[in-house]
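So this one's run25.txt, compact mmCIF, C-alpha atoms:
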# COMPACT_ATOMS: atom_id res chain seq x y z
CA MET A 1 -98.46 60.54 63.56
CA ARG A 2 -100.38 61.78 66.61
CA LEU A 3 -101.72 64.68 64.60
CA GLY A 4 -102.88 62.33 61.86
CA LEU A 5 -104.62 60.10 64.38
CA ALA A 6 -106.32 63.11 65.96
CA VAL A 7 -107.52 64.28 62.55
CA VAL A 8 -108.93 60.83 61.79
CA LEU A 9 -110.66 60.61 65.16
CA LEU A 10 -112.11 64.10 64.92
CA ALA A 11 -113.08 64.08 61.24
CA GLY A 12 -115.99 61.67 61.66
CA PRO A 13 -117.79 63.48 64.50
CA LEU A 14 -117.12 66.89 62.94
CA ALA A 15 -118.53 65.76 59.60
CA ALA A 16 -121.56 64.30 61.38
CA GLN A 17 -122.11 67.59 63.17
CA SER A 18 -121.85 69.52 59.90
CA VAL A 19 -124.45 67.26 58.24
CA GLN A 20 -126.85 67.63 61.17
CA GLY A 21 -126.22 71.37 61.14
CA ARG A 22 -127.14 71.57 57.46
CA LEU A 23 -130.29 69.52 57.97
CA ALA A 24 -131.48 71.16 61.18
CA GLY A 25 -134.47 73.36 60.51
CA ARG A 26 -134.52 72.32 56.85
CA ILE A 27 -136.24 68.92 57.18
CA PRO A 28 -138.68 67.60 59.80
CA SER A 29 -136.71 67.12 63.01
CA GLU A 30 -137.74 63.47 63.41
CA ALA A 31 -136.07 62.67 60.06
CA VAL A 32 -132.72 64.24 60.90
CA PRO A 33 -131.21 61.30 62.89
CA THR A 34 -132.19 58.71 60.28
CA VAL A 35 -130.91 60.76 57.37
CA ASP A 36 -127.74 61.46 59.30
CA SER A 37 -127.21 57.75 59.95
CA LEU A 38 -127.68 57.00 56.24
CA VAL A 39 -125.08 59.65 55.43
CA GLN A 40 -122.68 58.04 57.90
CA VAL A 41 -123.26 54.64 56.27
CA ALA A 42 -122.41 56.14 52.89
CA ARG A 43 -119.28 57.71 54.33
CA ARG A 44 -118.13 54.37 55.79
CA GLU A 45 -118.66 52.74 52.40
CA ALA A 46 -116.59 55.50 50.74
CA LEU A 47 -119.61 56.63 48.78
CA PRO A 48 -120.31 60.30 48.07
CA THR A 49 -122.51 61.82 50.77
CA GLU A 50 -123.48 65.11 49.18
CA PRO A 51 -126.20 63.60 46.94
CA LEU A 52 -127.89 62.21 50.06
CA VAL A 53 -127.77 65.55 51.87
CA GLN A 54 -129.08 67.29 48.75
CA LYS A 55 -131.95 64.81 48.43
CA ALA A 56 -132.95 65.44 52.05
CA LEU A 57 -132.73 69.22 51.62
CA GLU A 58 -134.78 68.97 48.44
CA GLY A 59 -137.49 67.02 50.27
CA GLY A 60 -137.50 69.56 53.07
CA ALA A 61 -137.77 72.48 50.64
CA LYS A 62 -140.70 70.74 48.92
CA GLN A 63 -142.30 70.22 52.34
CA VAL A 64 -142.36 66.46 51.96
CA PRO A 65 -143.16 64.52 55.18
CA GLY A 66 -140.18 63.11 57.08
CA PRO A 67 -140.78 59.41 56.27
CA ARG A 68 -140.85 60.15 52.54
CA ILE A 69 -137.64 62.10 52.82
CA VAL A 70 -135.98 59.17 54.56
CA ALA A 71 -137.30 56.80 51.88
CA ALA A 72 -135.94 59.02 49.11
CA VAL A 73 -132.54 59.20 50.77
CA GLN A 74 -132.52 55.40 51.08
CA VAL A 75 -133.29 55.13 47.36
CA SER A 76 -130.44 57.53 46.62
CA LEU A 77 -128.06 55.48 48.77
CA SER A 78 -129.10 52.35 46.90
CA GLN A 79 -128.47 54.10 43.56
CA LEU A 80 -125.00 55.12 44.69
CA ARG A 81 -124.21 51.53 45.69
CA ASP A 82 -125.43 50.29 42.31
CA ALA A 83 -123.24 52.88 40.60
CA ARG A 84 -120.18 51.89 42.64
CA ASP A 85 -120.74 48.21 41.85
CA LEU A 86 -121.08 49.00 38.16
CA LEU A 87 -117.82 50.94 38.20
CA LEU A 88 -116.06 48.05 39.91
CA ARG A 89 -117.42 45.65 37.31
CA ALA A 90 -116.23 47.96 34.55
CA GLY A 91 -112.72 47.97 35.97
CA ASP A 92 -112.50 51.07 38.20
CA ARG A 93 -110.24 49.60 40.87
CA PRO A 94 -109.30 49.53 43.64
CA ARG A 95 -111.93 52.07 44.63
CA PRO A 96 -114.07 54.25 42.34
CA GLN A 97 -113.80 57.97 42.87
CA PRO A 98 -116.83 59.56 44.60
CA GLY A 99 -117.35 61.91 41.68
CA GLU A 100 -117.50 59.00 39.26
CA VAL A 101 -119.99 57.17 41.48
CA THR A 102 -122.21 60.28 41.39
CA THR A 103 -121.83 60.48 37.61
CA VAL A 104 -122.87 56.88 37.05
CA ALA A 105 -125.78 57.24 39.49
CA TRP A 106 -126.91 60.24 37.43
CA ALA A 107 -126.68 58.25 34.23
CA LEU A 108 -128.75 55.40 35.66
CA ARG A 109 -131.34 57.85 37.00
CA ARG A 110 -131.56 59.43 33.57
CA GLY A 111 -132.55 56.07 32.15
CA LEU A 112 -129.35 54.71 30.63
CA PRO A 113 -129.27 50.89 30.65
CA ALA A 114 -126.55 49.55 32.94
CA PRO A 115 -124.74 47.63 30.14
CA VAL A 116 -124.48 50.84 28.12
CA VAL A 117 -123.07 52.70 31.10
CA GLU A 118 -120.54 49.90 31.60
CA ARG A 119 -119.47 50.16 27.98
CA VAL A 120 -118.90 53.90 28.28
CA VAL A 121 -116.97 53.47 31.53
CA ALA A 122 -114.79 50.79 30.00
CA ALA A 123 -114.15 52.94 26.92
CA LEU A 124 -113.06 55.89 29.07
CA PRO A 125 -110.61 54.47 31.59
CA GLN A 126 -109.61 57.92 32.78
CA PRO A 127 -112.17 59.97 34.73
CA PRO A 128 -113.97 62.33 34.56
CA ARG A 129 -116.71 60.71 32.52
CA ALA A 130 -119.58 63.04 33.42
CA ALA A 131 -119.75 64.76 30.03
CA ALA A 132 -119.65 61.46 28.15
CA MET A 133 -122.45 60.04 30.29
CA HIS A 134 -124.60 63.11 29.85
CA ALA A 135 -123.96 63.12 26.12
CA VAL A 136 -125.19 59.53 25.81
CA ALA A 137 -128.09 60.20 28.17
CA ASP A 138 -129.09 63.29 26.17
CA LEU A 139 -129.33 61.19 23.03
CA VAL A 140 -131.25 58.38 24.75
CA ALA A 141 -133.64 60.95 26.23
CA HIS A 142 -134.38 61.97 22.63
CA ARG A 143 -135.18 58.36 21.66
CA PHE A 144 -131.84 57.48 20.10
CA ASP A 145 -130.91 53.82 20.36
CA PRO A 146 -128.76 53.54 23.54
CA ASP A 147 -126.10 51.34 21.94
CA SER A 148 -125.81 53.60 18.88
CA ALA A 149 -125.60 56.65 21.12
CA ALA A 150 -122.83 55.06 23.17
CA ASP A 151 -121.02 54.03 19.96
CA LEU A 152 -121.08 57.62 18.72
CA ILE A 153 -119.70 59.07 21.95
CA ILE A 154 -117.04 56.36 22.24
CA ALA A 155 -116.02 57.08 18.63
CA ALA A 156 -115.76 60.77 19.51
CA VAL A 157 -113.47 59.92 22.43
CA GLN A 158 -111.33 57.76 20.17
CA ASP A 159 -111.14 60.72 17.76
CA GLY A 160 -109.65 62.85 20.52
CA LEU A 161 -112.66 64.70 21.89
CA GLN A 162 -113.02 64.88 25.62
CA GLY A 163 -114.75 66.76 28.42
CA GLU A 164 -117.54 69.13 27.52
CA ARG A 165 -116.75 68.78 23.82
CA LEU A 166 -118.57 65.44 23.98
CA LEU A 167 -121.76 67.36 24.73
CA ASP A 168 -121.23 69.12 21.39
CA VAL A 169 -121.36 65.70 19.71
CA SER A 170 -124.79 64.87 21.14
CA THR A 171 -125.97 68.40 20.33
CA ALA A 172 -124.82 67.98 16.73
CA ALA A 173 -126.79 64.72 16.42
CA LEU A 174 -129.90 66.38 17.85
CA HIS A 175 -129.52 69.21 15.33
CA GLU A 176 -129.40 66.70 12.48
CA VAL A 177 -132.71 65.25 13.69
CA GLN A 178 -134.17 68.76 13.80
CA ARG A 179 -133.05 69.16 10.17
CA GLY A 180 -135.24 66.20 9.27
CA HIS A 181 -132.84 63.26 9.34
CA THR A 182 -133.69 59.99 10.99
CA ARG A 183 -131.85 59.23 14.21
CA GLY A 184 -129.75 56.59 12.50
CA ASP A 185 -128.78 58.99 9.72
CA ALA A 186 -128.07 61.72 12.27
CA ILE A 187 -125.57 59.48 14.05
CA ALA A 188 -123.96 58.51 10.75
CA ILE A 189 -123.63 62.15 9.66
CA VAL A 190 -122.09 63.28 12.93
CA ARG A 191 -119.76 60.31 12.97
CA MET A 192 -118.42 61.38 9.58
CA GLN A 193 -117.88 64.91 10.91
CA LEU A 194 -115.85 63.77 13.92
CA PRO A 195 -113.91 65.32 15.50
CA ALA A 196 -114.93 68.60 13.83
CA VAL A 197 -118.40 69.00 15.32
CA PRO A 198 -119.48 72.61 15.93
CA VAL A 199 -118.45 74.11 19.26
CA ALA A 200 -121.22 75.32 21.54
CA PRO A 201 -121.28 79.12 21.65
CA ARG A 202 -119.71 80.72 24.67
CA PRO A 203 -121.82 83.06 26.80
CA THR A 204 -122.16 86.45 25.16
CA ARG A 205 -120.72 89.56 26.79
CA SER A 206 -124.23 90.81 27.45
CA ALA A 207 -125.15 87.52 29.17
CA VAL A 208 -122.06 87.77 31.36
CA ALA A 209 -122.89 91.39 32.11
CA ARG A 210 -126.44 90.42 33.13
CA ALA A 211 -125.37 87.44 35.21
CA ARG A 212 -125.41 87.69 38.97
CA ARG A 213 -124.32 85.42 41.72
CA PRO A 214 -127.00 83.81 43.89
CA GLY A 215 -127.75 86.05 46.81
CA PRO A 216 -128.48 85.02 50.38
CA PRO A 217 -131.80 83.22 50.84
CA ALA A 218 -134.84 85.27 51.73
CA PRO A 219 -135.80 85.16 55.41
CA PRO A 220 -138.47 82.52 56.14
CA MET B 221 -77.42 124.78 -7.51
CA ASN B 222 -76.43 127.19 -10.31
CA THR B 223 -73.15 129.03 -9.82
CA ILE B 224 -72.74 132.64 -10.92
CA ASP B 225 -70.28 133.20 -13.70
CA PRO B 226 -67.14 134.77 -12.08
CA ARG B 227 -67.05 137.38 -14.89
CA ILE B 228 -70.29 138.79 -13.54
CA HIS B 229 -68.65 139.27 -10.13
CA GLN B 230 -65.71 140.95 -11.81
CA ALA B 231 -67.96 143.27 -13.81
CA LEU B 232 -70.03 144.18 -10.69
CA ASP B 233 -66.78 144.89 -8.80
CA GLY B 234 -65.58 147.16 -11.66
CA GLU B 235 -62.66 144.94 -12.50
CA LEU B 236 -64.05 144.15 -15.91
CA SER B 237 -66.00 146.24 -18.40
CA PRO B 238 -69.49 144.89 -19.01
CA ASP B 239 -69.13 145.69 -22.69
CA ALA B 240 -66.41 143.06 -22.94
CA LEU B 241 -68.83 140.34 -21.90
CA PRO B 242 -71.11 138.23 -24.08
CA PRO B 243 -74.66 139.55 -24.54
CA GLU B 244 -76.30 137.00 -22.17
CA LEU B 245 -73.94 138.01 -19.35
CA GLN B 246 -74.58 141.66 -20.07
CA ARG B 247 -78.35 140.99 -19.71
CA ALA B 248 -77.73 139.24 -16.38
CA ILE B 249 -75.62 142.15 -15.11
CA ARG B 250 -78.41 144.58 -16.03
CA GLN B 251 -80.97 142.51 -14.08
CA VAL B 252 -78.72 142.36 -11.02
CA ALA B 253 -78.10 146.09 -11.16
CA ALA B 254 -81.87 146.77 -11.42
CA ALA B 255 -82.50 144.56 -8.36
CA ALA B 256 -79.81 146.42 -6.42
CA ASP B 257 -81.41 149.75 -7.31
CA LEU B 258 -84.79 148.49 -6.15
CA LEU B 259 -83.40 147.46 -2.75
CA ALA B 260 -81.62 150.76 -2.33
CA ALA B 261 -84.75 152.87 -3.08
CA PRO B 262 -86.68 154.16 0.02
CA VAL B 263 -89.96 152.44 0.90
CA ARG B 264 -92.86 154.44 -0.37
CA GLY B 265 -95.96 155.07 1.74
CA VAL B 266 -96.25 155.47 5.53
CA SER B 267 -92.98 156.00 7.34
CA VAL B 268 -91.84 153.72 10.15
CA GLU B 269 -92.32 156.53 12.67
CA LEU B 270 -95.96 157.05 11.71
CA ARG B 271 -96.67 153.34 11.81
CA VAL B 272 -95.15 152.99 15.33
CA MET B 273 -97.12 155.95 16.64
CA ALA B 274 -100.36 154.57 15.17
CA GLU B 275 -99.76 151.29 16.96
CA ILE B 276 -99.17 153.13 20.25
CA HIS B 277 -102.38 155.15 19.95
CA ARG B 278 -104.58 152.18 18.97
CA PRO B 279 -106.84 151.13 21.91
CA ALA B 280 -105.81 147.85 23.60
CA PRO B 281 -107.83 144.85 22.33
CA THR B 282 -110.42 143.40 24.71
CA TRP B 283 -109.72 140.24 26.73
CA ALA B 284 -112.10 138.22 24.57
CA ARG B 285 -110.47 139.44 21.36
CA ARG B 286 -107.02 138.53 22.67
CA VAL B 287 -108.24 135.06 23.57
CA ALA B 288 -109.89 134.65 20.18
CA ARG B 289 -106.73 135.80 18.42
CA TRP B 290 -104.61 133.44 20.52
CA ILE B 291 -106.92 130.56 19.65
CA VAL B 292 -106.84 131.14 15.90
CA THR B 293 -103.14 131.97 15.72
CA PRO B 294 -100.88 129.00 14.96
CA HIS B 295 -98.57 128.11 17.84
CA ALA B 296 -95.63 125.80 17.94
CA LEU B 297 -95.94 123.31 20.81
CA THR B 298 -92.89 121.49 22.08
CA PHE B 299 -93.19 118.34 24.16
CA ARG B 300 -90.27 117.03 26.11
CA PHE B 301 -90.83 113.54 27.43
CA ARG B 302 -88.99 110.48 28.65
CA PRO B 303 -90.01 107.28 26.77
CA ALA B 304 -90.07 105.30 30.03
CA TRP B 305 -92.70 107.61 31.54
CA SER B 306 -94.69 107.54 28.33
CA LEU B 307 -94.83 103.74 28.35
CA ALA B 308 -95.93 103.72 31.98
CA PHE B 309 -98.64 106.27 31.19
CA ALA B 310 -99.86 104.21 28.21
CA ALA B 311 -99.98 101.06 30.35
CA ALA B 312 -101.98 102.86 33.03
CA VAL B 313 -104.46 104.12 30.43
CA ALA B 314 -104.82 100.59 28.99
CA VAL B 315 -105.45 99.08 32.44
CA LEU B 316 -108.02 101.73 33.30
CA THR B 317 -109.76 101.19 29.96
CA VAL B 318 -110.00 97.44 30.51
CA PHE B 319 -111.36 97.87 34.03
CA ALA B 320 -113.85 100.47 32.85
CA ALA B 321 -115.05 98.10 30.12
CA ARG B 322 -115.53 95.33 32.65
CA GLY B 323 -117.15 97.52 35.24
CA GLY B 324 -120.23 95.89 36.72
CA GLU B 325 -119.65 92.51 35.08
CA PRO B 326 -119.03 89.54 37.30
CA GLN B 327 -115.52 88.17 37.00
CA LEU B 328 -115.83 84.50 36.10
CA ALA B 329 -113.39 82.08 37.66
CA GLU B 330 -111.90 79.28 35.61
CA HIS B 331 -114.49 76.71 36.68
CA GLU B 332 -117.52 78.97 36.59
CA GLY B 333 -120.15 79.27 33.91
CA ILE B 334 -123.40 80.98 33.11
CA ALA B 335 -126.83 79.40 33.55
CA GLN B 336 -129.88 81.05 32.03
CA PHE B 337 -133.29 80.20 33.43
CA VAL B 338 -136.41 81.15 31.48
CA GLY B 339 -140.01 80.28 32.25
CA ARG B 340 -143.41 81.48 31.05
CA PHE B 341 -145.70 82.25 33.98
CA PRO B 342 -148.19 84.92 32.84
CA ASP B 343 -150.08 85.30 36.10
CA ALA B 344 -147.18 84.90 38.53
CA ARG B 345 -146.33 87.50 41.14
CA SER B 346 -142.88 86.01 41.81
CA VAL B 347 -140.76 83.22 40.39
CA HIS B 348 -137.61 81.76 41.97
CA VAL B 349 -135.31 78.99 40.82
CA VAL B 350 -134.36 76.52 43.52
CA GLY B 351 -131.99 73.61 43.16
CA SER B 352 -128.91 71.72 44.18
CA PHE B 353 -126.79 74.78 43.29
CA ASN B 354 -128.26 76.71 46.23
CA ASP B 355 -128.97 73.84 48.66
CA TRP B 356 -132.64 74.00 47.63
CA ARG B 357 -133.08 77.27 49.49
CA ALA B 358 -136.00 79.30 48.25
CA GLY B 359 -135.54 82.98 47.61
CA SER B 360 -131.87 83.21 46.70
CA ILE B 361 -132.32 83.40 42.91
CA ALA B 362 -135.30 85.42 41.73
CA LEU B 363 -136.39 85.52 38.10
CA GLU B 364 -137.51 88.86 36.67
CA ASP B 365 -140.21 89.85 34.19
CA GLN B 366 -139.02 93.34 33.35
CA ASP B 367 -141.30 93.91 30.36
CA HIS B 368 -144.35 92.26 31.98
CA ASP B 369 -144.88 89.83 29.12
CA GLY B 370 -145.17 86.84 31.42
CA VAL B 371 -141.70 85.51 30.55
CA TRP B 372 -139.48 85.36 33.62
CA ARG B 373 -135.70 85.22 33.30
CA ALA B 374 -132.55 84.96 35.41
CA THR B 375 -128.93 84.70 34.37
CA VAL B 376 -126.74 83.29 37.10
CA VAL B 377 -123.06 82.56 37.65
CA LEU B 378 -122.61 79.00 38.93
CA PRO B 379 -119.69 76.63 39.37
CA ALA B 380 -119.46 74.32 36.36
CA GLY B 381 -121.33 71.09 37.00
CA THR B 382 -124.67 69.31 36.81
CA TYR B 383 -127.59 70.52 38.87
CA GLU B 384 -131.24 69.61 39.47
CA TYR B 385 -133.71 72.43 39.90
CA MET B 386 -137.34 73.53 39.81
CA PHE B 387 -139.14 76.85 39.64
CA VAL B 388 -141.12 78.05 42.64
CA VAL B 389 -144.00 80.25 41.55
CA ASP B 390 -145.54 82.68 44.03
CA GLY B 391 -143.58 81.03 46.81
CA GLU B 392 -145.63 77.84 46.88
CA ARG B 393 -146.09 76.19 43.49
CA TRP B 394 -143.22 73.89 42.38
CA VAL B 395 -142.98 73.66 38.61
CA PRO B 396 -140.38 71.91 36.42
CA ASP B 397 -138.69 73.86 33.65
CA HIS B 398 -140.63 72.74 30.59
CA LEU B 399 -137.96 74.20 28.29
CA ALA B 400 -135.23 72.02 29.81
CA ASP B 401 -134.04 69.11 27.69
CA ARG B 402 -133.16 67.03 30.70
CA LEU B 403 -135.59 65.77 33.32
CA VAL B 404 -135.08 63.27 36.09
CA ALA B 405 -137.43 61.72 38.66
CA ASP B 406 -137.14 63.45 42.04
CA GLU B 407 -138.24 60.42 44.13
CA PHE B 408 -141.07 62.56 45.52
CA GLY B 409 -143.49 61.91 42.69
CA ARG B 410 -142.36 64.74 40.42
CA GLU B 411 -139.58 65.51 37.99
CA ASN B 412 -136.66 67.85 38.42
CA SER B 413 -135.12 69.67 35.49
CA VAL B 414 -131.39 69.24 34.95
CA VAL B 415 -128.95 71.90 33.84
CA ILE B 416 -125.33 71.33 32.89
CA VAL B 417 -123.22 74.44 33.45
CA ARG B 418 -120.15 74.48 31.23
CA PRO B 419 -117.08 76.54 32.13
CA ALA B 420 -117.27 79.91 30.39
CA ARG B 421 -113.50 79.95 29.82
CA ARG B 422 -112.88 77.12 27.41
Whole structure given in C-alpha cells:
Amino acid sequence: MRLGLAVVLLAGPLAAQSVQGRLAGRIPSEAVPTVDSLVQVARREALPTEPLVQKALEGGAKQVPGPRIVAAVQVSLSQLRDARDLLLRAGDRPRPQPGEVTTVAWALRRGLPAPVVERVVAALPQPPRAAAMHAVADLVAHRFDPDSAADLIIAAVQDGLQGERLLDVSTAALHEVQRGHTRGDAIAIVRMQLPAVPVAPRPTRSAVARARRPGPPAPP
Amino acid sequence: MNTIDPRIHQALDGELSPDALPPELQRAIRQVAAAADLLAAPVRGVSVELRVMAEIHRPAPTWARRVARWIVTPHALTFRFRPAWSLAFAAAVAVLTVFAARGGEPQLAEHEGIAQFVGRFPDARSVHVVGSFNDWRAGSIALEDQDHDGVWRATVVLPAGTYEYMFVVDGERWVPDHLADRLVADEFGRENSVVIVRPARR
C-alpha cells in the first residue's frame, strides 16, 4: 500500500521531469514550461501525451518560434479532447484507451467527417481500430465518398477481416480505380471479393537485407 | 544350381568305366579331364623366380608417381559412426547454414516492419528523413544516392505503427514526400507525409 502510494506520488514529478528533459534544447527555452503544462493537463485528463511532445519536438526541429509551437500543441490537445469525446459518444466507456484517442485524432486530422468516424468506432467495438480508420481515410483521401468508404470497411470487418488486412481492402479499391473503374464500381467490385482481397506483399529478402536501424543523431 | 550326375563322379574316381555311360556323359567326362590336364600343365613363359627378381631390380617409383597411383587406384573406405553423433553434426551444419544465410541482415522482431523512403532530389548534397519515428531528430536516417541519378533512398527497420515525416535536403530545406499517398497538415503551415509501417511477420 505504501509502495503504491509512493509510486503514485513520484510518477507525476518523474514524468514531468522526463518531458522537460526531452524538450530541453530541442525547442525554444521560453516554450518549455508552457508545453510542459499542456502535457500535464493532458495527463490529468487521461489523454495520450506523446502526440503533444512529438508536436513540440517537430516544431523545434523545423525551427518554428516558441509561440507557434505552443499554439500547435494547444491545437493538438484540442484534437485529442475532440477524439476522446467522439469515442465516448460512440460507446467507448468508461474511459477510451489512449491509443484509440490518438487513432481517432489521426482520422479527424486526415479529414474524415466525425459522423463517419463514429460509425466506424461503433462498428468495431473492440480496439485497435487504427487500421480501419486509416483504410477509410485512405479512400476518402482519394475522393471516395466517406459513407461508402466506411460501409466497405465495415463490411470487411463483418466478413472477418481485421487489423492490417483492412488496409488491403482500401488498396484493392484504389487498384480498381487505377484499372479504370469509377469509385462506386470499385467499391462494389471489392465488396464482392470480400474477404478474399489480395494480401499486400511482404518485404522482400533483399529489402530486409538492405534495411538498417536508425542510427544516433548527427552532432549539432 | 545344376548338380553333377553321380555317375560322372564314379567314372572320374575309377569306380565305373566311362564306356558304360551314355554318350552325353562320356562327352562331359572328356571335358572335365581336359580341364584337369590344363590345370596340371606348367605355366609357360617367365618363371616365378625371374619375375620376382625383376621386381626387386626395378627402380623405386618416384613420390609423385606413388601419389598419382594412389589417387587413381580404387580404395575401399569404411566409415564407422554413431547415429547420435551424426544427427548432432547435421543439426550443427543446418544451424550454421541458416546463420550464414542471415548474416548481415537485421533480425526483425514481431512488431517491426520495413519502411522504404524514396525521393528525387537531383541537386541535393544530402537528404535525411526526419519524423515521429526518430523524435524529429535530424541526421539519424540518411538517404543514399549510390548511382548518382538524383534518386535518394533509405530502407529502415521501424516498429509497426503510423508516423509523420518529412525529408530534410542539404540540412535546411524541409520537403514533404511527394510520392506518399498520405499527407496531413502539420499545424505549422506545411504538410507532413504519413507512413504506415506494417509488421513484417504476418
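Of note, atom CA of A:Arg43 and atom CA of A:Arg22 are spaced 16.2 Å apart.
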Enumerate as a ChimeraX atom specification the residues belonging to chain B that approach chain A to within 10 Å, with only C-alpha atoms taken into account.
-> /B:322-328,333-336,350-362,374-378,381-382,384-385,388,392-394,401-408,414,416-422
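Proximity to A:Glu30 was assessed for A:Gly66, A:Glu45, A:Glu176, A:Val116 counting only C-alpha atoms; the smallest distance is recorded for A:Gly66.
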Please return the centre and edge lengths, in Å to one decimal, of a box with edges along x, y and z that contains all listed atoms of stretch 128-134 of chain A, widened by 6 Å on every side, as AutoDock Vina command-line options.
--center_x -119.3 --center_y 62.4 --center_z 31.4 --size_x 22.6 --size_y 16.7 --size_z 18.4
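The space separating atom CA of B:Asn412 from atom CA of B:Gly339 comes to 14.3 Å.
Taking atom CA of A:Leu152 and atom CA of A:Thr171 as endpoints, the distance between them is 11.9 Å.
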Near stretch 181-197 of chain A, within 9 Å and counting all atoms listed in the file, which residues show up once chain neighbours fewer than 3 positions away are dropped, as an MDAnalysis selection string?
-> chainID A and resid 143:145 148:149 152 155:157 159:161 165 168:170 172:178
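Taking all atoms listed in the file, the non-local environment of stretch 118-129 of chain A within 9 Å (same-chain residues fewer than 2 positions away omitted) comprises Leu86, Leu87, Arg89, Ala90, Gly91, Asp92, Gln97, Gly99, Glu100, Thr103, Val104, Pro113, Ala114, Pro115, Val116, Ala131, Ala132, Met133, His134, Val136, Ala150, Asp151, Ile153, Ile154, Val157, Gln158, Gln162 and Gly163 of chain A.
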Neighbours of point (-129.1, 61.3, 64.7) within 12 Å, using all atoms listed in the file, written as an MDAnalysis selection string = chainID A and resid 13 16:21 23:24 29:40
For B:His331: contacts at 6 Å, all atoms listed in the file, fewer than 2 positions along chain excluded, given as an MDAnalysis selection string | chainID B and resid 329 379:380 419
Quick one: everything within 7 Å of B:Leu363, counting all atoms listed in the file, minus sequence neighbours fewer than 6 positions away in the same chain. Send it as a list in words.
-> Val347, His348, Trp372, Arg373 and Ala374 of chain B
Reconstruct stretch 18-31 of chain A at the level of N, CA and C atoms, and format the result as a PDB file, keeping the file's coordinate frame.
ATOM      1  N   SER A  18    -121.575  68.591  60.993  1.00  0.00           N
ATOM      2  CA  SER A  18    -121.850  69.520  59.900  1.00  0.00           C
ATOM      3  C   SER A  18    -123.080  69.071  59.122  1.00  0.00           C
ATOM      4  N   VAL A  19    -123.262  67.743  58.941  1.00  0.00           N
ATOM      5  CA  VAL A  19    -124.450  67.260  58.240  1.00  0.00           C
ATOM      6  C   VAL A  19    -125.701  67.606  59.040  1.00  0.00           C
ATOM      7  N   GLN A  20    -125.669  67.326  60.354  1.00  0.00           N
ATOM      8  CA  GLN A  20    -126.850  67.630  61.170  1.00  0.00           C
ATOM      9  C   GLN A  20    -127.125  69.127  61.177  1.00  0.00           C
ATOM     10  N   GLY A  21    -126.033  69.923  61.174  1.00  0.00           N
ATOM     11  CA  GLY A  21    -126.220  71.370  61.140  1.00  0.00           C
ATOM     12  C   GLY A  21    -126.886  71.818  59.855  1.00  0.00           C
ATOM     13  N   ARG A  22    -126.519  71.186  58.747  1.00  0.00           N
ATOM     14  CA  ARG A  22    -127.140  71.570  57.460  1.00  0.00           C
ATOM     15  C   ARG A  22    -128.596  71.147  57.397  1.00  0.00           C
ATOM     16  N   LEU A  23    -128.908  70.033  58.059  1.00  0.00           N
ATOM     17  CA  LEU A  23    -130.290  69.520  57.970  1.00  0.00           C
ATOM     18  C   LEU A  23    -131.212  70.180  58.990  1.00  0.00           C
ATOM     19  N   ALA A  24    -130.653  70.624  60.107  1.00  0.00           N
ATOM     20  CA  ALA A  24    -131.480  71.160  61.180  1.00  0.00           C
ATOM     21  C   ALA A  24    -132.303  72.344  60.682  1.00  0.00           C
ATOM     22  N   GLY A  25    -133.578  72.278  60.925  1.00  0.00           N
ATOM     23  CA  GLY A  25    -134.470  73.360  60.510  1.00  0.00           C
ATOM     24  C   GLY A  25    -134.863  73.307  59.054  1.00  0.00           C
ATOM     25  N   ARG A  26    -134.220  72.409  58.287  1.00  0.00           N
ATOM     26  CA  ARG A  26    -134.520  72.320  56.850  1.00  0.00           C
ATOM     27  C   ARG A  26    -135.412  71.120  56.538  1.00  0.00           C
ATOM     28  N   ILE A  27    -135.367  70.084  57.375  1.00  0.00           N
ATOM     29  CA  ILE A  27    -136.240  68.920  57.180  1.00  0.00           C
ATOM     30  C   ILE A  27    -136.925  68.643  58.523  1.00  0.00           C
ATOM     31  N   PRO A  28    -138.020  67.898  58.519  1.00  0.00           N
ATOM     32  CA  PRO A  28    -138.680  67.600  59.800  1.00  0.00           C
ATOM     33  C   PRO A  28    -137.679  67.006  60.794  1.00  0.00           C
ATOM     34  N   SER A  29    -137.750  67.472  62.029  1.00  0.00           N
ATOM     35  CA  SER A  29    -136.710  67.120  63.010  1.00  0.00           C
ATOM     36  C   SER A  29    -136.630  65.615  63.240  1.00  0.00           C
ATOM     37  N   GLU A  30    -137.784  64.912  63.128  1.00  0.00           N
ATOM     38  CA  GLU A  30    -137.740  63.470  63.410  1.00  0.00           C
ATOM     39  C   GLU A  30    -136.967  62.714  62.330  1.00  0.00           C
ATOM     40  N   ALA A  31    -136.782  63.351  61.148  1.00  0.00           N
ATOM     41  CA  ALA A  31    -136.070  62.670  60.060  1.00  0.00           C
ATOM     42  C   ALA A  31    -134.563  62.893  60.125  1.00  0.00           C
TER      43      ALA A  31
END
